[in-house]
Amino acid sequence: MVPRAGLELATTVFKVDLDDLEDFRLFARAKLNLGKGTVKHYISRVKTFLRNRDSVTDKDIQLYIQKKKENCSPDYVSNIISAFKAYFRDYKGLSWMDGYKHPSSPLKMKIEIEPEKVRKFIEAIDDLVVKCVAVFLAISGLRRGEVLSLKKSDVDRNLRCIMANCHNGETKHSGITFYNEEAESCLTEYEKNQTNKEKADERLLPVRYERFFYAWKRAKEKSGIYLKPKDLRDFFSQEMGKAFVPDRYIDIFQGRAPKNVLAKHYNPHGIAMLKEIYDKADLKIIG
């Protein structure tokens, strides 16, 4: 027999109002402290569900999520559940999302990214600033957005240390990572050819997304090698693993470690130790 509270919950009707999604955006950023990218994805998931509906019940959500489980990847379904929890539970105060479990993703066998392919692909990039971005992706393990938003003040050129500060949400962290002499050489060459506008920019590698993707596409066509920016981040993790760098340090380099772990290394001694670990891996691409 269904408890009375459950029956009342099942019969509750939520009136759809797409106009309040902007208020939800503010709520998610200000109160939930979610990053801009995360909020953008959440609003997209909620809007897709609410579109063409006048009202919604608890059962509507159950049927929708069950259908997505049958047709979509576990990661996509998990993202929907997170978005609905933020909107219906946290923002609207409804308990419909209580009890939902995130589906687990099956383990996937990753194909090794051959270092020679990475080298040939990067050498095929004819736009110098984009080439620098690619080298930093492969050498530092940062995300594409992190490299593109790096400020000059985030980089210690003497230590070749990067401490990015581009995440202020709760879903992603910026780690402490480094780059090698190849990346420094590429960066120095780019700086010699910078325009006055680029020199005045506070970003380390100022390039618009359109220019980045156009140069990336040309490199694919020129080299015949298909690599995504994320593949270079994965390549970093792969090569660090081959050099027997423990996972806990790879997580710090790539921003996957918890904030309390990262905080322990935000001191001269911690950074010196991390640099020693990074340097011992002797990660190289072009040379």
# chains A, B, ... in the order shown; residues from 1 in each chain; ligands from 1
>>> select_by_dssp(residues="range 8-43 of chain A", states="helix (DSSP H, G or I)", output="count of residues only")
25
>>> residues_around(residues="range 179-192 of chain A", least_positions_apart="6", cutoff="10 Å", atoms="only C-alpha atoms", output="ChimeraX atom specification")
/A:127-141,155,157,159-162,198-199,204-205,275,278-279,282-287
>>> write_last_selection(atoms="N, CA and C atoms", output="compact mmCIF listing (two decimals), in the first residue's frame")
# COMPACT_ATOMS: atom_id res chain seq x y z
N ASP A 127 48.92 27.53 -37.26
CA ASP A 127 48.65 28.76 -36.50
C ASP A 127 49.44 28.65 -35.20
N LEU A 128 50.41 29.53 -35.00
CA LEU A 128 51.36 29.39 -33.89
C LEU A 128 50.70 29.41 -32.52
N VAL A 129 49.74 30.31 -32.31
CA VAL A 129 49.10 30.37 -30.99
C VAL A 129 48.27 29.12 -30.72
N VAL A 130 47.63 28.58 -31.76
CA VAL A 130 46.86 27.34 -31.60
C VAL A 130 47.80 26.16 -31.36
N LYS A 131 48.96 26.20 -32.01
CA LYS A 131 49.96 25.16 -31.78
C LYS A 131 50.40 25.19 -30.32
N CYS A 132 50.59 26.38 -29.77
CA CYS A 132 50.95 26.51 -28.36
C CYS A 132 49.88 25.92 -27.46
N VAL A 133 48.62 26.19 -27.79
CA VAL A 133 47.51 25.65 -27.00
C VAL A 133 47.57 24.12 -27.01
N ALA A 134 47.79 23.54 -28.19
CA ALA A 134 47.85 22.09 -28.31
C ALA A 134 49.00 21.50 -27.49
N VAL A 135 50.15 22.15 -27.55
CA VAL A 135 51.30 21.68 -26.77
C VAL A 135 50.99 21.73 -25.28
N PHE A 136 50.37 22.81 -24.83
CA PHE A 136 50.02 22.94 -23.41
C PHE A 136 48.99 21.89 -23.00
N LEU A 137 48.04 21.58 -23.87
CA LEU A 137 47.06 20.53 -23.56
C LEU A 137 47.75 19.20 -23.30
N ALA A 138 48.70 18.86 -24.17
CA ALA A 138 49.37 17.56 -24.08
C ALA A 138 50.41 17.51 -22.97
N ILE A 139 51.03 18.64 -22.68
CA ILE A 139 52.14 18.68 -21.73
C ILE A 139 51.68 18.95 -20.29
N SER A 140 50.59 19.72 -20.15
CA SER A 140 50.14 20.09 -18.81
C SER A 140 48.95 19.26 -18.32
N GLY A 141 48.18 18.70 -19.26
CA GLY A 141 47.00 17.93 -18.88
C GLY A 141 45.79 18.77 -18.56
N VAL A 155 50.76 31.78 -14.40
CA VAL A 155 51.94 31.00 -14.78
C VAL A 155 53.20 31.58 -14.17
N ARG A 157 56.86 31.54 -14.81
CA ARG A 157 57.74 31.18 -15.93
C ARG A 157 59.07 30.59 -15.43
N LEU A 159 59.49 28.62 -12.64
CA LEU A 159 59.24 27.23 -12.24
C LEU A 159 58.54 26.44 -13.33
N ARG A 160 58.04 27.14 -14.35
CA ARG A 160 57.17 26.55 -15.38
C ARG A 160 55.99 25.85 -14.68
N CYS A 161 55.40 26.57 -13.75
CA CYS A 161 54.28 26.07 -12.95
C CYS A 161 53.01 26.81 -13.33
N ILE A 162 51.91 26.08 -13.41
CA ILE A 162 50.60 26.67 -13.74
C ILE A 162 49.64 26.44 -12.57
N GLU A 198 47.66 41.51 -28.87
CA GLU A 198 47.87 40.26 -28.14
C GLU A 198 48.78 40.48 -26.93
N LYS A 199 49.78 41.34 -27.09
CA LYS A 199 50.69 41.64 -25.99
C LYS A 199 49.94 42.29 -24.83
N LEU A 204 47.31 34.38 -21.42
CA LEU A 204 48.59 33.86 -21.88
C LEU A 204 48.55 33.54 -23.37
N LEU A 205 47.46 32.92 -23.80
CA LEU A 205 47.32 32.52 -25.21
C LEU A 205 45.97 33.02 -25.72
N LYS A 275 56.72 19.49 -8.68
CA LYS A 275 57.56 19.75 -9.85
C LYS A 275 58.58 18.63 -10.03
N TYR A 278 56.75 15.78 -11.56
CA TYR A 278 56.46 16.08 -12.97
C TYR A 278 57.71 15.93 -13.82
N ASP A 279 58.81 16.52 -13.38
CA ASP A 279 60.06 16.49 -14.17
C ASP A 279 60.60 15.08 -14.36
N ASP A 282 59.52 13.19 -17.40
CA ASP A 282 60.24 13.55 -18.63
C ASP A 282 59.34 13.47 -19.86
N LEU A 283 58.16 14.08 -19.75
CA LEU A 283 57.19 14.05 -20.85
C LEU A 283 57.65 14.93 -22.00
N LYS A 284 57.71 14.34 -23.19
CA LYS A 284 58.12 15.09 -24.39
C LYS A 284 57.19 14.74 -25.54
N ILE A 285 57.08 15.68 -26.49
CA ILE A 285 56.23 15.48 -27.66
C ILE A 285 57.03 15.67 -28.94
N ILE A 286 57.52 16.89 -29.12
CA ILE A 286 58.15 17.26 -30.38
C ILE A 286 59.60 16.79 -30.44
N GLY A 287 60.31 16.94 -29.31
CA GLY A 287 61.72 16.60 -29.28
C GLY A 287 62.01 15.13 -29.29
>>> closest_residue(among="A:Ile111, A:Pro229, A:Leu274, A:Asp234", to="Arg248 in chain A", atoms="only C-alpha atoms")
A:Leu274
>>> residues_around(residues="Val13 in chain A", least_positions_apart="2", cutoff="8 Å", atoms="only C-alpha atoms", output="PyMOL selection string")
chain A and resi 11+15+55-58
>>> residues_around(residues="range 242-244 of chain A", least_positions_apart="2", cutoff="10 Å", atoms="only C-alpha atoms", output="ChimeraX atom specification")
/A:236-240,246-247,278,280-283
>>> closest_residue(among="A:Leu21, A:Arg233, A:Asp98, A:Glu202", to="Gly145 in chain A", atoms="only C-alpha atoms")
A:Arg233
>>> residues_around(residues="Ala263 in chain A", least_positions_apart="3", cutoff="12 Å", atoms="only C-alpha atoms", output="PyMOL selection string")
chain A and resi 163+173-176+252+255+257-260+266-268+270-271
>>> residues_around(residues="range 86-88 of chain A", least_positions_apart="5", cutoff="10 Å", atoms="only C-alpha atoms", output="count of residues only")
19
>>> closest_residue(among="A:Met273, A:Ile113, A:Ile250, A:Val77", to="Arg45 in chain A", atoms="only C-alpha atoms")
A:Val77
>>> residues_around(residues="range 216-219 of chain A", least_positions_apart="2", cutoff="10 Å", atoms="only C-alpha atoms", output="VMD selection string")
chain A and resid 120 to 127 130 to 131 134 210 to 214 221 to 229
>>> select_by_dssp(residues="range 92-184 of chain A", states="strand (DSSP E or B)", output="JSON, numbers by chain")
{"A": [151, 155, 156, 161, 162, 177, 178]}
